[in-house]
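Inspection log for the structure reproduced underneath, given as structure tokens.
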Protein chains: 4
Amino acid sequence: MGKKLNIGLIGYGFMGRAHSNAYRKVNQFFDVGYQPVLKAICARNEAKVRPFAEQWGWESVETDWRKLIERKDIDAIDIGSPNNTHRDIAVAAAAAGKMVLCEKPLAMNAGEGLEMTQAVEKAGVPNMVWFNYRRVPAIALAKQLIDEGRIGRVFHYRAKYLQDWTISPELPQGGAGLWRLDADVAGSGVTGDLLAHSIDTAIWLIGGVQKVSAMTETFIKQRAIQDEPGKVKPVKIDDACAFLARFKNGALATFESTRYARGRKNQNTFEVNGEFGSIYFDLEDAHQLQYFNHREESHVHGWRTILVTDSDHPYMKHWWVPGCVIGYEHTFINALADFLQGLESGTPVRPNFRDALETQYVCDAVLKSASTESWQTLGK
Amino acid sequence: MGKKLNIGLIGYGFMGRAHSNAYRKVNQFFDVGYQPVLKAICARNEAKVRPFAEQWGWESVETDWRKLIERKDIDAIDIGSPNNTHRDIAVAAAAAGKMVLCEKPLAMNAGEGLEMTQAVEKAGVPNMVWFNYRRVPAIALAKQLIDEGRIGRVFHYRAKYLQDWTISPELPQGGAGLWRLDADVAGSGVTGDLLAHSIDTAIWLIGGVQKVSAMTETFIKQRAIQDEPGKVKPVKIDDACAFLARFKNGALATFESTRYARGRKNQNTFEVNGEFGSIYFDLEDAHQLQYFNHREESHVHGWRTILVTDSDHPYMKHWWVPGCVIGYEHTFINALADFLQGLESGTPVRPNFRDALETQYVCDAVLKSASTESWQTLGK
Amino acid sequence: MGKKLNIGLIGYGFMGRAHSNAYRKVNQFFDVGYQPVLKAICARNEAKVRPFAEQWGWESVETDWRKLIERKDIDAIDIGSPNNTHRDIAVAAAAAGKMVLCEKPLAMNAGEGLEMTQAVEKAGVPNMVWFNYRRVPAIALAKQLIDEGRIGRVFHYRAKYLQDWTISPELPQGGAGLWRLDADVAGSGVTGDLLAHSIDTAIWLIGGVQKVSAMTETFIKQRAIQDEPGKVKPVKIDDACAFLARFKNGALATFESTRYARGRKNQNTFEVNGEFGSIYFDLEDAHQLQYFNHREESHVHGWRTILVTDSDHPYMKHWWVPGCVIGYEHTFINALADFLQGLESGTPVRPNFRDALETQYVCDAVLKSASTESWQTLGK
Amino acid sequence: MGKKLNIGLIGYGFMGRAHSNAYRKVNQFFDVGYQPVLKAICARNEAKVRPFAEQWGWESVETDWRKLIERKDIDAIDIGSPNNTHRDIAVAAAAAGKMVLCEKPLAMNAGEGLEMTQAVEKAGVPNMVWFNYRRVPAIALAKQLIDEGRIGRVFHYRAKYLQDWTISPELPQGGAGLWRLDADVAGSGVTGDLLAHSIDTAIWLIGGVQKVSAMTETFIKQRAIQDEPGKVKPVKIDDACAFLARFKNGALATFESTRYARGRKNQNTFEVNGEFGSIYFDLEDAHQLQYFNHREESHVHGWRTILVTDSDHPYMKHWWVPGCVIGYEHTFINALADFLQGLESGTPVRPNFRDALETQYVCDAVLKSASTESWQTLGK
């Protein structure tokens with residue numbers, strides 16, 4: 001089962017569950033040289049984190065992340081807490097020589113992200129950002145098809161990330177589970193939460209972004225505060241964001257995200273149109289990749305739906321048999337396996353902090369473009 | 001515009017419209033050596049057929065099909081009247097040396113069908129049965145893919161033809177528009193009306209049927225008589241029919257049809273599974289053909305949806321541009337163009353009466369199998 | 001069959017066919033008080049227009065549109081010739097007191113469009129622009145669902161119009177069939193040709209546009225000239241155009257069009273996301289409308305595919321039976337029926353020139369936004 | 001975490017993995033009163049089972065199932081070994097007073113199944129058969145919709161279970177992983193392996209089967225023996241099986257299964273057509289359920305795709321958030337949770353051995369019908 005790797009995880013919310021599950025399962029499905037040990041779970045609220053620790057098998061509990069970082073028996077710090085905590089934890093963990101795994105978005109803004117990136121690079125510690133959708137087998141297959149030259153020169157990219165869970169004005173902001181609606185904790189709304197995923201995928205597949213023109217909107221102007229009954233405060237996050245972009249390679253792109261698309265639950269889509277073919281993906285049908293191949297006889301041209309469950313598809317040989325799908329949580333297990341494999345092989349996993357910083361620059365440019373109503377050009 | 005071909009059409013119902021439309025449009029879209037002339041429309045009810053003739057541009061009206069057949073100025077008799085009239089008209093028309101086009105099913109039963117077939121063959125007159133779905137471009141493309149060897153040995157065929165328009169017990173039987181529910185006029189229910197289509201397509205694509213095991217059901221046991229208020233009579237047609245079959249080439253098949261499949265309006269589907277590939281078609285998405293090609297790299301295997309609107313797809317160069325679909329009525333125009341092309345080229349169109357007779361034999365075997373609860377073997 | 005209406009059609013290309021077909025078919029399927037007469041077809045090239053006239057049954061031929069307009073026996077002028085001819089013909093026809101039907105886009109630009117609109121309004125002649133997609137039954141159903149209050153406050157609109165037929169650099173520009181690639185004739189590229197459709201539909205469904213931010217691209221910088229062998233000239237049309245928009249009612253929108261989306265043949269889509277529901281349409285599956293209804297029990301929430309072929313769907317009672325689709329050409333017949341019905345009822349058909357002018361203003365703003373890289377605000 | 005329940009699992013193949021995973025995960029996701037303990041894994045081949053035990057955390061290993069049953073520290077025996085071992089193990093385990101969980105199909109034939117059912121009932125021990133697909137949330141939702149009266153009188157049921165993994169004649173039979181192709185070990189081919197699933201689901205949703213007419217085929221007549229190089233033996237399993245059926249409530253059904261449907265990987269589908277609505281499911285899109293509701297305004301009738309990921313869908317509140325799918329393995333976890341919940345509540349889980357016996361009777365009737373070419377009636 002390999003060398004033990006002692007994990008200290010911060011955060012026991014949705015991501016806390018997803019990461020805990022990954023640590024527990026990875027060695028049953030992947031033959032990697034490291035075996036994660038669920039050493040310590042950390043959160044401020046001891047009454048809540050104790051039962052979580054018991055349920056998931058974490059060996060110990062901490063309520064102060066600084067103490068967690070001080071512990072000698074921890075090899076890697078995994079940051080699953082809200083966005084406004086990422087910077088301080090990551091910088092301190094790197095300084096303490098710990099490996100750092102961090103949930104996305106990397107930071108509240110690119111300034112913080114740069115600090116974090118410099119910290120891990122200076123410390124020389126392994127680092128990864130959990131852009132888990134790179135580990136959806138169908139998205140990894142999209143990358144493979146592009147790398148195989150099946151698309152050729154790219155003309156167009158279009159990405160959407162649509163949800164509908166914040167339409168009700170009754171929904172409060174802040175507090176457990178709803179901190180994503182509070183700009184002071186989340187940094188931004190859909191731009192950091194959802195578009196960061198779309199941008200990370202786009203950069204991975206197509207390359208760097210040159211310039212953007214964006215608009216944002218906050219449909220519900222104020223909401224109750226979850227933890228302070230009777231009080232309301234202005235909503236400062238972006239409920240929706242759309243932007244035009246040009247990639248450095250000349251391709252055009254549109255990106256859009258919202259939490260007000262009635263009937264779209266987690267519709268993270270992208271389409272690539274190139275000289276020789278096209279690709280389409282929709283996370284709501286995550287087991288499929290659509291592919292159009294122009295280079296065959298024209299009377300059989302068509303968009304094919306690849307059922308990405310065969311053993312020769314990315315990651316799938318580790319799971320079940322053809323036709324048997326994997327689910328959301330597996331993207332974290334696949335990502336963790338890649339991280340461990342990176343440790344073993346000496347070829348560090350991607351996306352690392354530096355990659356996530358590039359996405360953060362785009363997010364910042366998007367928000368600035370929207371607020372100034374002007375095109376924003378990214379650095380070289 | 002070619003040589004004039006004088007048409008005498010019998011029947012002004014749903015098929016009367018579809019055929020009239022075909023005669024009027026074929027020369028605008030197909031460059032064929034014949035030009036149909038809408039010479040005479042025939043139906044018993046003069047008060048109803050007169051405005052129909054005016055609306056569609058029929059030059060004259062007849063109320064007795066025997067008189068129509070006697071007319072010297074008529075080249076071709078087109079039978080669009082109910083099933084129980086097909087035999088007498090076709091036999092008389094052939095004897096008079098007219099070309100005969102006949103709606104499907106060919107006859108009330110195979111006995112009648114044999115008489116009709118012998119009549120047209122003895123007379124040596126051009127003949128066609130309007131199994132219009134062979135002229136759906138996607139189905140014609142399916143035939144082409146099979147003929148190109150893309151499927152290889154066929155293991156399975158499965159066909160469905162599902163509708164839902166007779167579920168209400170309030171629906172009467174008989175009379176205009178509803179004669180399909182009266183066994184005395186229609187001969188059978190879904191077997192002759194819908195499965196005849198499925199069987200014709202199957203024989204065209206796969207080959208002859210060897211044996212069948214069937215079941216039928218009549219869900220509503222009696223219905224009012226449309227033309228006799230206050231009266232009811234037992235329903236004798238088959239509301240639903242399903243059968244197992246073995247083709248002569250060893251392939252297995254299932255067929256099913258019903259008018260009690262809630263939500264299925266005209267869902268005529270088939271799937272072919274062969275050694276090298278598979279094909280799927282659904283008439284409710286008639287502009288598409290699905291194709292799975294096994295003979296390419298396995299990681300890009302997938303069911304592709306061919307949008308059958310390009311100029312190199314069957315029939316489509318005669319219509320609009322890629323991405324622009326044609327509709328239901330065009331299958332009749334395509335069929336008519338093929339008939340006229342057959343006259344011109346000397347290679348008679350298919351399916352002719354002989355082909356339709358083969359389908360009729362299968363229908364008869366299916367009904368006998370259902371009534372006797374036994375497998376029935378077709379003749380060689 | 002009603003009162004005769006003498007038509008003079010200019011242009012015998014793709015639109016010439018579509019319009020001719022509509023004039024020939026409308027009275028067989030719609031009970032309207034007017035009967036179009038195919039009086040004269042007009043085009044400069046007599047050798048080409050003669051056989052067209054014969055094939056489609058046009059009674060006479062003109063080679064100068066000014067003569068056509070002078071003819072006393074013509075009631076309505078239908079402009080199906082390239083965009084750079086619209087203004088002069090329409091203004092002259094209106095001055096001569098003719099009804100005017102005009103292909104889209106209305107004009108080369110809003111200045112011309114304004115002249116044309118003022119001309120028909122001053123003359124008081126019936127006028128219509130052939131934005132035929134309003135007559136796709138599924139799009140008309142979308143309008144109906146919105147008008148029924150099923151969507152509520154609209155948050156988002158997203159439209160795409162994707163094709164792939166100009167990717168090859170070998171394709172020349174200009175000349176018959178390819179004038180759409182020549183900016184001198186077409187005015188613009190996808191903006192006027194495709195996005196005009198998208199914008200017309202959007203305004204019809206959602207309301208007026210307030211402001212836009214756009215980008216355009218010309219991927220192939222020069223092309224051969226079809227009618228001048230050996231010569232090339234710069235391509236000045238927009239091969240692709242995408243823009244962000246805000247509607248006057250506060251909804252956000254994205255629009256995108258290209259002829260470089262490999263595998264998309266005529267993919268004209270839109271999605272509306274509102275408080276109570278959402279709607280999605282794709283012209284490549286024109287017989288379907290997708291609808292999400294939020295106001296029912298949550299465990300059965302889902303996107304439903306409405307098969308728009310029933311007699312209670314817009315236009316469909318005039319055609320065949322449930323499950324039987326209509327095609328591309330029927331949108332023109334439906335539009336013509338609406339035009340004739342408007343004459344009969346005294347409630348003029350929409351979209352008229354004034355409506356099309358509004359779309360033209362948006363197109364102009366889009367092109368200006370793209371060239372200046374700035375947001376453009378529409379007039380009130 | 002509840003009372004400990006000591007598990008002894010027999011078999012370490014594909015099902016061994018799926019069951020082991022369920023035992024390890026159930027308590028992290030379900031709040032049930034029992035905590036499974038992975039006490040012992042049993043298989044004949046010690047060299048292979050040892051690393052499996054280590055990887056999955058089984059506390060001990062046995063190589064003789066009789067010894068496993070004798071152990072006092074085992075509460076429940078889980079049979080994941082090939083079909084020809086089920087009877088002896090289950091009967092012995094019941095006699096020893098152990099709970100018994102058994103993989104499907106229950107037995108080699110109904111005779112064995114009856115023995116097993118009588119054994120567990122006589123012993124009064126909790127028992128379950130792993131028809132895991134009842135625990136696909138979408139299938140459980142189908143059951144719920146039917147129980148809510150949304151379908152009404154059922155007219156039709158059609159089930160398919162199509163795969164394509166045995167088309168190559170090079171594939172050997174027998175041995176690890178391929179025992180399903182050896183009739184001596186598996187009992188039958190697709191009938192017991194795949195149709196047993198379809199039949200179990202059908203009986204659960206619709207009710208008992210009255211009579212059947214079947215056909216089977218073995219396309220590849222002989223295959224090499226995996227464990228005996230150079231030897232071939234006749235293939236005795238059914239490669240494909242299709243049958244017609246009538247349910248006791250009068251509904252008609254078709255069932256079909258094969259491993260020769262090129263392009264279908266694990267396509268387990270069913271459709272229910274009833275008076276008020278219809279339902280369709282396809283395991284290759286396991287996160288979706290399609291539903292047609294006839295009882296609403298007709299112009300919005302349509303097949304809706306329910307994305308079965310919301311917290312008010314069966315099982316889903318235990319997993320992630322809306323839009324996040326679960327995978328194949330979760331059906332086993334859900335089933336285990338139901339089993340444990342049954343122990344806790346005193347309402348035993350279904351399907352139990354008695355339920356699985358009913359499916360076995362249908363399988364036997366199907367095989368007899370096919371071999372005798374006659375309809376077979378099930379007992380009352």
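Ordered as shown in the structure tokens, chains take letters A, B, and onward, while each chain numbers its residues from 1 and ligands are numbered from 1 in the order shown.
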**Request:** Check the DSSP output for the backbone and give back, as a ChimeraX atom specification, the residues of stretch 29-239 of chain C in strand (DSSP E or B).
**Result:** /C:34-42,60-62,76-79,99-102,127-129,154-162,173,209-217,222-225,232-234
**Request:** Find the residues of chain C in contact range of chain A, meaning any atom within 10 Å when counting only C-alpha atoms, and list them as number ranges by chain.
**Result:** C: 151, 154-158, 164, 167-168, 213-217, 219, 240-246, 250-256, 258, 260-264, 271-279, 291-294, 301-303, 373-375
**Message:** Can you measure atom CA of C:Thr359 to atom CA of C:Asn21 for me? One decimal in Å is fine.
**Reply:**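 Between atom CA of C:Thr359 and atom CA of C:Asn21 the gap works out to 26.7 Å.
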**Item:** Contacts of stretch 186-198 of chain A within 6 Å, only C-alpha atoms, excl. fewer than 2 positions in-chain, as a list of chain:residue names
**Value:**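 Once the adjacent positions are removed, what remains is A:Asn83, A:Pro105, A:Met108, A:Arg180, A:Asp182, A:Ala183, A:Asp184, A:Asp200, A:Thr201, A:Ile237, A:Asp238, A:Asp239.
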Generate the output file for the selected residues, N, CA and C atoms, as a PDB file, in the first residue's frame.
```pdb
ATOM      1  N   ASN A  83     -12.836  30.647   1.175  1.00  0.00           N
ATOM      2  CA  ASN A  83     -11.800  31.305   0.381  1.00  0.00           C
ATOM      3  C   ASN A  83     -10.970  32.328   1.154  1.00  0.00           C
ATOM      4  N   PRO A 105     -11.510  28.546  -5.548  1.00  0.00           N
ATOM      5  CA  PRO A 105     -10.447  29.241  -6.260  1.00  0.00           C
ATOM      6  C   PRO A 105      -9.239  29.389  -5.335  1.00  0.00           C
ATOM      7  N   MET A 108      -8.725  34.922  -2.743  1.00  0.00           N
ATOM      8  CA  MET A 108      -9.743  35.969  -2.881  1.00  0.00           C
ATOM      9  C   MET A 108      -9.467  36.808  -4.128  1.00  0.00           C
ATOM     10  N   ARG A 180     -20.775  31.121   0.326  1.00  0.00           N
ATOM     11  CA  ARG A 180     -20.501  31.457  -1.083  1.00  0.00           C
ATOM     12  C   ARG A 180     -21.294  32.683  -1.561  1.00  0.00           C
ATOM     13  N   ASP A 182     -21.620  35.386   0.321  1.00  0.00           N
ATOM     14  CA  ASP A 182     -21.096  36.533   1.074  1.00  0.00           C
ATOM     15  C   ASP A 182     -19.730  36.927   0.498  1.00  0.00           C
ATOM     16  N   ALA A 183     -19.695  38.097  -0.111  1.00  0.00           N
ATOM     17  CA  ALA A 183     -18.476  38.510  -0.812  1.00  0.00           C
ATOM     18  C   ALA A 183     -17.277  38.653   0.135  1.00  0.00           C
ATOM     19  N   ASP A 184     -17.541  38.943   1.390  1.00  0.00           N
ATOM     20  CA  ASP A 184     -16.433  39.096   2.326  1.00  0.00           C
ATOM     21  C   ASP A 184     -15.720  37.768   2.580  1.00  0.00           C
ATOM     22  N   ASP A 200     -10.054  27.415 -15.797  1.00  0.00           N
ATOM     23  CA  ASP A 200      -8.983  26.428 -15.634  1.00  0.00           C
ATOM     24  C   ASP A 200      -9.043  25.383 -16.748  1.00  0.00           C
ATOM     25  N   THR A 201     -10.243  24.897 -17.027  1.00  0.00           N
ATOM     26  CA  THR A 201     -10.397  23.893 -18.091  1.00  0.00           C
ATOM     27  C   THR A 201      -9.998  24.482 -19.439  1.00  0.00           C
ATOM     28  N   ILE A 237     -21.843  39.912  -4.101  1.00  0.00           N
ATOM     29  CA  ILE A 237     -21.279  38.977  -5.090  1.00  0.00           C
ATOM     30  C   ILE A 237     -21.950  39.164  -6.433  1.00  0.00           C
ATOM     31  N   ASP A 238     -21.283  38.646  -7.457  1.00  0.00           N
ATOM     32  CA  ASP A 238     -21.875  38.590  -8.788  1.00  0.00           C
ATOM     33  C   ASP A 238     -22.733  37.334  -8.877  1.00  0.00           C
ATOM     34  N   ASP A 239     -24.037  37.534  -9.096  1.00  0.00           N
ATOM     35  CA  ASP A 239     -24.957  36.413  -9.290  1.00  0.00           C
ATOM     36  C   ASP A 239     -24.752  35.769 -10.651  1.00  0.00           C
TER      37      ASP A 239
END
```
**Message:** List as a list in words the protein and nucleic acid residues near D:Ala43, meaning an atom at most 12 Å away when only C-alpha atoms are counted, but skip any in the same chain fewer than 4 places from it.
**Reply:**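 Answer for this query is Gly8, Leu9, Ile10, Gly11, Tyr12, Gly13, Gly16, Ala47, Lys48, Val49, Arg50, Pro51, Phe52, Ala53, Ser60, Val61, Glu62, Thr63, Asp64, Trp65, Arg66, Lys67, Leu68, Ile79, Gly80, Ser81, Pro82 and Thr85 of chain D.
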